[in-house]
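A quick write-up on the structure given underneath.
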Amino acid sequence: MMIEKIRKILKDHGRLNKDPWALDEAADLYQAGMTSHASVNVMLALEGEFEIEFPDHLLKRSVFESMGAMRDTIAGLTKGS
Amino acid sequence: MSSHSLSEIVSQTRAIAQEIAAKHAADVDRQARFPSETFEALRKARLLTAALPKELGGGGANMAELAEMCTALAQGCGASGMVLAMHHIQVACIARHGMGSPFFRKYVEELVERQLLIGSITSEVGVWGDTRSSICACIRENGHFKLDKDATTASYAEHADDLLVTARRNQDAPPSDQVLVLVRKADRTLTQTGTWDTMGMRGTCSPGFKLTSSGSEDQVLPGSFADASAQTMVSYSHILWSGVWLGIASDAMARASAFVRAEARKNPGVVPPKATHLAKMSAEVQLLRNSVHGQAHEFDEIMSRPTGMEELLTIGWALKMNNIKVSSSEMTPRIVHDALQIIGIGAYKNDSKLSVGRQYRDSLSAALMISNDRIFSKTASMLLVHKDD
Ligand SMILES: Cc1cc2nc3c(=O)[nH]c(=O)nc-3n(C[C@H](O)[C@H](O)[C@H](O)COP(=O)(O)OP(=O)(O)OC[C@H]3O[C@@H](n4cnc5c(N)ncnc54)[C@H](O)[C@@H]3O)c2cc1C
């Protein structure tokens, strides 16, 4: 479910050179063409979609390098809310 | 590193700046020629491996000391300071990202032994100043690579022993999936495609070139350029370039001060009218100096923590690097302009002892060397998610 929403966001904002549905959860999105500029738009869309705010220490490449990493981080942020 | 050896690296550089770089600076600028005397001296003093850790045979200088070296050299000759800064950046990329590779460990020994000078090619026709994107690819086959690149601007490429070149990881990789490749002098041809008759930084000798090169696949720096860029290339560039610009500003300050002191001596007891402008200028120079030194120390502090390399990958740090670059590159020409106003015609004349023509022209490259407008637009986008919490 959450991965589905992340795929949709990546499709709209990730500017990948591959279809997000064809990518594995662990696939490296930077190697799939996501630029740091595009990753900022992905962050914004994720914050809007999941009604969260990424604290600054999580604003780094590794957190957004795969769908799985994003899901784990978002799950950590929404836990208990 | 002890404070004793700190002053040694910096004071050796300062001596070379005063005795050699400053002497040839006008000629280097006039002829747009490489400051070879200065680099011969730096090589002899074994200062070209200052950025390598001591355990690898280098000088073990931290960021603060490297920045001071660049400032000291730029006070004598801005172009020399810039070449030294660019060389340190390449050495740091290798030392910080290559040591897992037997090839690069061996290369570092050669670097120490022969005091090689390393240049950089990130710019490319078609992507221009966007360093995080490449058109050319590192084409690999049977353990070898081929790499051809059409560079818009490549400083001292013809004078460098080796070059670190960005390219797509392989033929199928997207533009942003890049690697850094070490191109050896014997394995490259450079065909100059433009001229370097610029306003300033003329001694960096940075025209466009078509590069063709090949070599062993071992020469591809391990990991991805994305990490090397954030953790090393951008941090070292923006702090050390700012160090260079501080050197140019300090040179202008020294000239303005000399002028005002000479005025004061003509009429002791009366504060020369220009002294007030000098007072304003000295506040600006202090601001620039503190911001460069502060940023260098913060980098060293981060690197003293086990999580350091990870911290350098955050948007928070990227913002700081963008901010130091744009602020010091905008302050420096303003400071040199103050010197021009204070000294007057003696600063405006190219052949006068207190001329600031070269300093002014050199300082104008700062805002273009990775265009500030491009950086501002990246900062603007990062601020949309950064909370400064
Ligand atoms: C002294 C000097 C030495 C150099 N040495 C080297 C070297 O050794 N190796 C190397 O590879 N390169 C080198 N460069 C080149 C440098 O890396 C950049 O490629 C170059 O400065 C960019 O020039 P550009 O004007 O084409 O800028 P670009 O960044 O391509 O921009 C072109 C224009 O578009 C504007 N612009 C771009 N993006 C945006 C945006 N997002 N928003 C608003 N405006 C934008 C810019 O302001 C500029 O006016 C050197 C440059 C200088 C000045």
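In the structure tokens, each chain is lettered A, B, ... as it comes, each chain's residues begin at 1, and ligands are numbered from 1 in order of appearance.
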
Given a cut-off of 7 Å, which residues of chain A touch chain B, counting only C-alpha atoms, written out as a ChimeraX atom specification?
-> /A:30-33,35,40,44,56-57,59-61

Please write out the residues within 7 Å of ligand 1 as a PyMOL selection string, counting only C-alpha atoms and all ligand atoms.
-> chain B and resi 119-124+127-130+151-156+201+204+206+365-366+368-375+377-378

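For Glu47 (chain A), the list of residues within 12 Å, based on only C-alpha atoms and with local chain neighbours fewer than 5 positions off taken out, reads Lys5, Ile6, Ile9, Val40, Asn41, Val42, Ile52, Glu53, Phe54, Pro55, Leu59, Met70, Thr73, Ile74, Leu77 and Thr78 of chain A; Leu384, Val385 and His386 of chain B.
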
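Summary of the local environment: counting only C-alpha atoms, residues at most 12 Å from Asp19 (chain A), other than itself and those fewer than 6 positions away along its chain, are Arg7, Lys8, Ile9, Leu10, Lys11, Asp12, Ala27, Leu29, Ala32 and Gly33 of chain A.
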
Please measure the separation of CA of Leu48 (chain B) and CA of Met63 (chain B), giving the value in Å to one decimal.
-> 14.5 Å

Please provide the set of residues having any atom within 10 Å of Arg140 (chain B), restricted to only C-alpha atoms, with same-chain residues fewer than 6 positions apart removed, written as a list in words.
-> Lys146, Leu147, Arg169, Asn170, Gln171, Ser214, Gly215, Ser216 and Glu217 of chain B

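Nearest residue to Met199 (chain B), choosing from B:Ala22, B:Arg334, B:Leu364, B:Gln31 and counting only C-alpha atoms: B:Leu364.
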
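The spacing separating CA of Gly208 (chain B) from CA of Glu158 (chain B) amounts to 11.0 Å.
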
Could you pull out the residues in region 21-200 of chain B that DSSP calls strand (DSSP E or B) from the backbone, as a CSV table (one decimal) with N, CA, C and O atoms, in the first residue's frame?
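Ended up saving to result_10.csv:
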```csv
chain,number,residue,atom,x,y,z
B,118,ILE,N,47.5,17.3,-10.4
B,118,ILE,CA,46.3,16.7,-11.0
B,118,ILE,C,45.2,17.8,-11.3
B,118,ILE,O,44.9,18.6,-10.5
B,119,GLY,N,44.7,17.7,-12.6
B,119,GLY,CA,43.6,18.6,-13.0
B,119,GLY,C,42.3,17.9,-13.0
B,119,GLY,O,42.2,16.8,-12.7
B,120,SER,N,41.2,18.7,-13.3
B,120,SER,CA,39.9,18.2,-13.2
B,120,SER,C,39.1,18.5,-14.5
B,120,SER,O,39.2,19.7,-15.0
B,121,ILE,N,38.3,17.6,-14.9
B,121,ILE,CA,37.4,17.9,-16.0
B,121,ILE,C,36.0,17.4,-15.6
B,121,ILE,O,35.6,16.2,-15.7
B,124,GLU,N,31.3,20.1,-19.5
B,124,GLU,CA,31.2,19.3,-20.7
B,124,GLU,C,30.2,20.1,-21.7
B,124,GLU,O,29.3,20.7,-21.2
B,128,TRP,N,27.3,21.9,-19.7
B,128,TRP,CA,27.9,23.1,-19.2
B,128,TRP,C,28.4,23.0,-17.7
B,128,TRP,O,29.1,22.2,-17.4
B,137,ALA,N,30.5,8.8,-21.6
B,137,ALA,CA,30.5,7.6,-20.8
B,137,ALA,C,31.8,7.0,-20.7
B,137,ALA,O,32.7,7.1,-21.6
B,139,ILE,N,33.4,3.9,-21.2
B,139,ILE,CA,33.1,2.7,-21.9
B,139,ILE,C,34.0,1.6,-21.5
B,139,ILE,O,35.3,1.7,-21.7
B,140,ARG,N,33.5,0.5,-21.0
B,140,ARG,CA,34.4,-0.6,-20.4
B,140,ARG,C,34.3,-1.8,-21.2
B,140,ARG,O,33.2,-2.3,-21.6
B,141,GLU,N,35.5,-2.4,-21.4
B,141,GLU,CA,35.5,-3.7,-22.1
B,141,GLU,C,36.8,-4.5,-21.7
B,141,GLU,O,37.9,-3.9,-21.7
B,144,HIS,N,39.4,-2.8,-19.5
B,144,HIS,CA,39.9,-1.5,-20.0
B,144,HIS,C,38.8,-0.5,-20.1
B,144,HIS,O,37.6,-0.9,-20.2
B,145,PHE,N,39.1,0.8,-20.1
B,145,PHE,CA,38.1,1.8,-20.4
B,145,PHE,C,38.5,2.7,-21.5
B,145,PHE,O,39.7,2.8,-21.8
B,146,LYS,N,37.5,3.3,-22.2
B,146,LYS,CA,37.8,4.3,-23.1
B,146,LYS,C,36.9,5.5,-22.7
B,146,LYS,O,35.7,5.3,-22.3
B,147,LEU,N,37.4,6.7,-22.7
B,147,LEU,CA,36.7,7.8,-22.3
B,147,LEU,C,37.0,9.1,-23.2
B,147,LEU,O,38.2,9.5,-23.2
B,148,ASP,N,36.0,9.6,-23.9
B,148,ASP,CA,36.2,10.8,-24.7
B,148,ASP,C,35.3,11.8,-24.2
B,148,ASP,O,34.1,11.6,-23.9
B,149,LYS,N,35.8,13.0,-24.0
B,149,LYS,CA,35.0,14.1,-23.4
B,149,LYS,C,35.3,15.4,-24.1
B,149,LYS,O,36.4,15.7,-24.4
B,150,ASP,N,34.2,16.2,-24.4
B,150,ASP,CA,34.3,17.5,-25.0
B,150,ASP,C,34.2,18.5,-23.8
B,150,ASP,O,33.0,18.9,-23.5
B,151,ALA,N,35.3,19.0,-23.2
B,151,ALA,CA,35.2,19.8,-22.0
B,151,ALA,C,35.1,21.3,-22.4
B,151,ALA,O,35.8,21.7,-23.3
B,162,ASP,N,48.2,14.3,-14.4
B,162,ASP,CA,47.0,13.5,-14.6
B,162,ASP,C,45.8,14.3,-14.5
B,162,ASP,O,45.8,15.4,-14.0
B,163,LEU,N,44.6,13.7,-14.9
B,163,LEU,CA,43.3,14.4,-14.8
B,163,LEU,C,42.3,13.5,-14.2
B,163,LEU,O,42.3,12.3,-14.4
B,164,LEU,N,41.4,14.1,-13.3
B,164,LEU,CA,40.3,13.3,-12.8
B,164,LEU,C,39.1,13.8,-13.6
B,164,LEU,O,38.8,15.0,-13.7
B,165,VAL,N,38.4,12.9,-14.3
B,165,VAL,CA,37.3,13.2,-15.3
B,165,VAL,C,36.0,12.6,-14.9
B,165,VAL,O,36.0,11.4,-14.5
B,166,THR,N,34.9,13.4,-14.9
B,166,THR,CA,33.6,12.8,-14.6
B,166,THR,C,33.0,12.2,-15.9
B,166,THR,O,33.2,12.8,-17.0
B,167,ALA,N,32.3,11.1,-15.8
B,167,ALA,CA,31.6,10.5,-17.0
B,167,ALA,C,30.5,9.6,-16.4
B,167,ALA,O,30.5,9.2,-15.3
B,168,ARG,N,29.6,9.2,-17.3
B,168,ARG,CA,28.6,8.3,-16.9
B,168,ARG,C,29.2,6.9,-16.6
B,168,ARG,O,30.3,6.6,-17.2
B,178,GLN,N,27.2,8.9,-12.3
B,178,GLN,CA,28.6,9.2,-12.8
B,178,GLN,C,29.7,8.5,-11.9
B,178,GLN,O,29.5,8.2,-10.8
B,179,VAL,N,30.8,8.4,-12.5
B,179,VAL,CA,32.0,8.0,-11.8
B,179,VAL,C,33.2,9.0,-12.1
B,179,VAL,O,33.0,9.8,-13.0
B,180,LEU,N,34.2,8.9,-11.3
B,180,LEU,CA,35.4,9.7,-11.5
B,180,LEU,C,36.5,8.8,-12.1
B,180,LEU,O,36.7,7.7,-11.5
B,181,VAL,N,37.1,9.2,-13.2
B,181,VAL,CA,38.1,8.4,-13.8
B,181,VAL,C,39.5,9.1,-13.8
B,181,VAL,O,39.5,10.3,-14.2
B,182,LEU,N,40.5,8.4,-13.3
B,182,LEU,CA,41.8,9.0,-13.4
B,182,LEU,C,42.5,8.7,-14.7
B,182,LEU,O,42.6,7.6,-15.1
B,183,VAL,N,42.7,9.8,-15.5
B,183,VAL,CA,43.3,9.7,-16.8
B,183,VAL,C,44.8,10.1,-16.7
B,183,VAL,O,45.2,11.2,-16.3
B,188,ARG,N,46.4,9.9,-22.8
B,188,ARG,CA,45.4,10.9,-23.2
B,188,ARG,C,46.0,11.8,-24.4
B,188,ARG,O,47.2,12.0,-24.5
B,189,THR,N,45.0,12.2,-25.2
B,189,THR,CA,45.3,13.3,-26.1
B,189,THR,C,44.3,14.4,-25.8
B,189,THR,O,43.1,14.2,-25.5
B,190,LEU,N,44.8,15.7,-25.9
B,190,LEU,CA,44.0,16.8,-25.6
B,190,LEU,C,44.1,17.7,-26.9
B,190,LEU,O,45.2,18.1,-27.3
B,191,THR,N,42.9,18.0,-27.5
B,191,THR,CA,42.9,18.9,-28.6
B,191,THR,C,42.2,20.2,-28.2
B,191,THR,O,41.0,20.1,-27.8
B,192,GLN,N,42.9,21.3,-28.1
B,192,GLN,CA,42.3,22.5,-27.7
B,192,GLN,C,41.2,23.0,-28.6
B,192,GLN,O,41.4,23.0,-29.8
```

Non-local contacts of Gly68 (chain A) (8 Å; only C-alpha atoms; under 6 positions in same chain excluded) as an NGL selection string | :A and (3 or 25-26)

Just-selected residues, all heavy atoms written as a PDB file, in the first residue's frame:
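Printed below is result35.pdb as written:
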```
ATOM      1  N   ILE A   3       4.070   1.381  -0.486  1.00  0.00           N
ATOM      2  CA  ILE A   3       4.976   1.293  -1.643  1.00  0.00           C
ATOM      3  C   ILE A   3       4.253   1.742  -2.914  1.00  0.00           C
ATOM      4  O   ILE A   3       4.832   2.411  -3.773  1.00  0.00           O
ATOM      5  CB  ILE A   3       5.503  -0.163  -1.793  1.00  0.00           C
ATOM      6  CG1 ILE A   3       6.531  -0.456  -0.712  1.00  0.00           C
ATOM      7  CG2 ILE A   3       6.081  -0.408  -3.182  1.00  0.00           C
ATOM      8  CD1 ILE A   3       7.915   0.128  -0.940  1.00  0.00           C
ATOM      9  N   GLU A  25      11.823  -3.011  -4.887  1.00  0.00           N
ATOM     10  CA  GLU A  25      11.818  -2.098  -3.731  1.00  0.00           C
ATOM     11  C   GLU A  25      13.211  -1.642  -3.343  1.00  0.00           C
ATOM     12  O   GLU A  25      13.395  -0.554  -2.808  1.00  0.00           O
ATOM     13  CB  GLU A  25      11.223  -2.822  -2.517  1.00  0.00           C
ATOM     14  CG  GLU A  25       9.717  -2.821  -2.508  1.00  0.00           C
ATOM     15  CD  GLU A  25       9.214  -3.503  -1.243  1.00  0.00           C
ATOM     16  OE1 GLU A  25       9.874  -3.402  -0.179  1.00  0.00           O
ATOM     17  OE2 GLU A  25       8.148  -4.136  -1.348  1.00  0.00           O
ATOM     18  N   ALA A  26      14.201  -2.502  -3.575  1.00  0.00           N
ATOM     19  CA  ALA A  26      15.572  -2.198  -3.144  1.00  0.00           C
ATOM     20  C   ALA A  26      16.403  -1.545  -4.252  1.00  0.00           C
ATOM     21  O   ALA A  26      17.558  -1.188  -4.021  1.00  0.00           O
ATOM     22  CB  ALA A  26      16.242  -3.480  -2.663  1.00  0.00           C
TER      23      ALA A  26
END
```

Pick out each residue of region 50-97 of chain B that DSSP on the backbone tags as alpha helix (DSSP H); I need them as a PyMOL selection string.
-> chain B and resi 63-76+78-97

Residue selection dump (C-alpha atoms) as a PDB file, in the first residue's frame:
```pdb
ATOM      1  CA  MET B  63      40.719  21.691   5.761  1.00  0.00           C
ATOM      2  CA  ALA B  64      41.639  24.725   7.859  1.00  0.00           C
ATOM      3  CA  GLU B  65      45.303  24.401   6.926  1.00  0.00           C
ATOM      4  CA  LEU B  66      44.590  23.744   3.252  1.00  0.00           C
ATOM      5  CA  ALA B  67      42.407  26.839   3.146  1.00  0.00           C
ATOM      6  CA  GLU B  68      45.197  28.865   4.767  1.00  0.00           C
ATOM      7  CA  MET B  69      47.646  27.563   2.174  1.00  0.00           C
ATOM      8  CA  CYS B  70      45.319  28.643  -0.639  1.00  0.00           C
ATOM      9  CA  THR B  71      44.807  32.052   0.964  1.00  0.00           C
ATOM     10  CA  ALA B  72      48.546  32.552   1.400  1.00  0.00           C
ATOM     11  CA  LEU B  73      49.360  31.643  -2.193  1.00  0.00           C
ATOM     12  CA  ALA B  74      46.481  33.692  -3.645  1.00  0.00           C
ATOM     13  CA  GLN B  75      47.771  36.752  -1.799  1.00  0.00           C
ATOM     14  CA  GLY B  76      50.786  36.574  -4.099  1.00  0.00           C
ATOM     15  CA  GLY B  78      45.323  34.537  -7.500  1.00  0.00           C
ATOM     16  CA  ALA B  79      45.701  32.110 -10.401  1.00  0.00           C
ATOM     17  CA  SER B  80      48.387  30.141  -8.547  1.00  0.00           C
ATOM     18  CA  GLY B  81      46.157  29.944  -5.485  1.00  0.00           C
ATOM     19  CA  MET B  82      43.284  28.676  -7.631  1.00  0.00           C
ATOM     20  CA  VAL B  83      45.415  26.011  -9.322  1.00  0.00           C
ATOM     21  CA  LEU B  84      46.654  24.814  -5.923  1.00  0.00           C
ATOM     22  CA  ALA B  85      43.076  24.690  -4.609  1.00  0.00           C
ATOM     23  CA  MET B  86      41.899  22.670  -7.624  1.00  0.00           C
ATOM     24  CA  HIS B  87      44.821  20.270  -7.243  1.00  0.00           C
ATOM     25  CA  HIS B  88      44.124  19.743  -3.508  1.00  0.00           C
ATOM     26  CA  ILE B  89      40.495  18.940  -4.380  1.00  0.00           C
ATOM     27  CA  GLN B  90      41.554  16.146  -6.762  1.00  0.00           C
ATOM     28  CA  VAL B  91      44.069  14.720  -4.272  1.00  0.00           C
ATOM     29  CA  ALA B  92      41.384  14.727  -1.580  1.00  0.00           C
ATOM     30  CA  CYS B  93      38.930  12.847  -3.835  1.00  0.00           C
ATOM     31  CA  ILE B  94      41.514  10.117  -4.368  1.00  0.00           C
ATOM     32  CA  ALA B  95      42.615   9.941  -0.729  1.00  0.00           C
ATOM     33  CA  ARG B  96      39.078   9.906   0.664  1.00  0.00           C
ATOM     34  CA  HIS B  97      37.414   7.583  -1.853  1.00  0.00           C
TER      35      HIS B  97
END
```

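If you look at CA of Leu278 (chain B) and CA of Asp351 (chain B), they are 22.6 Å away from each other.
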
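Distances here use only C-alpha atoms; by that measure, the residue among B:Ala252, B:Val270, B:Met303, B:Ala50 closest to Ser282 (chain B) is B:Ala252.
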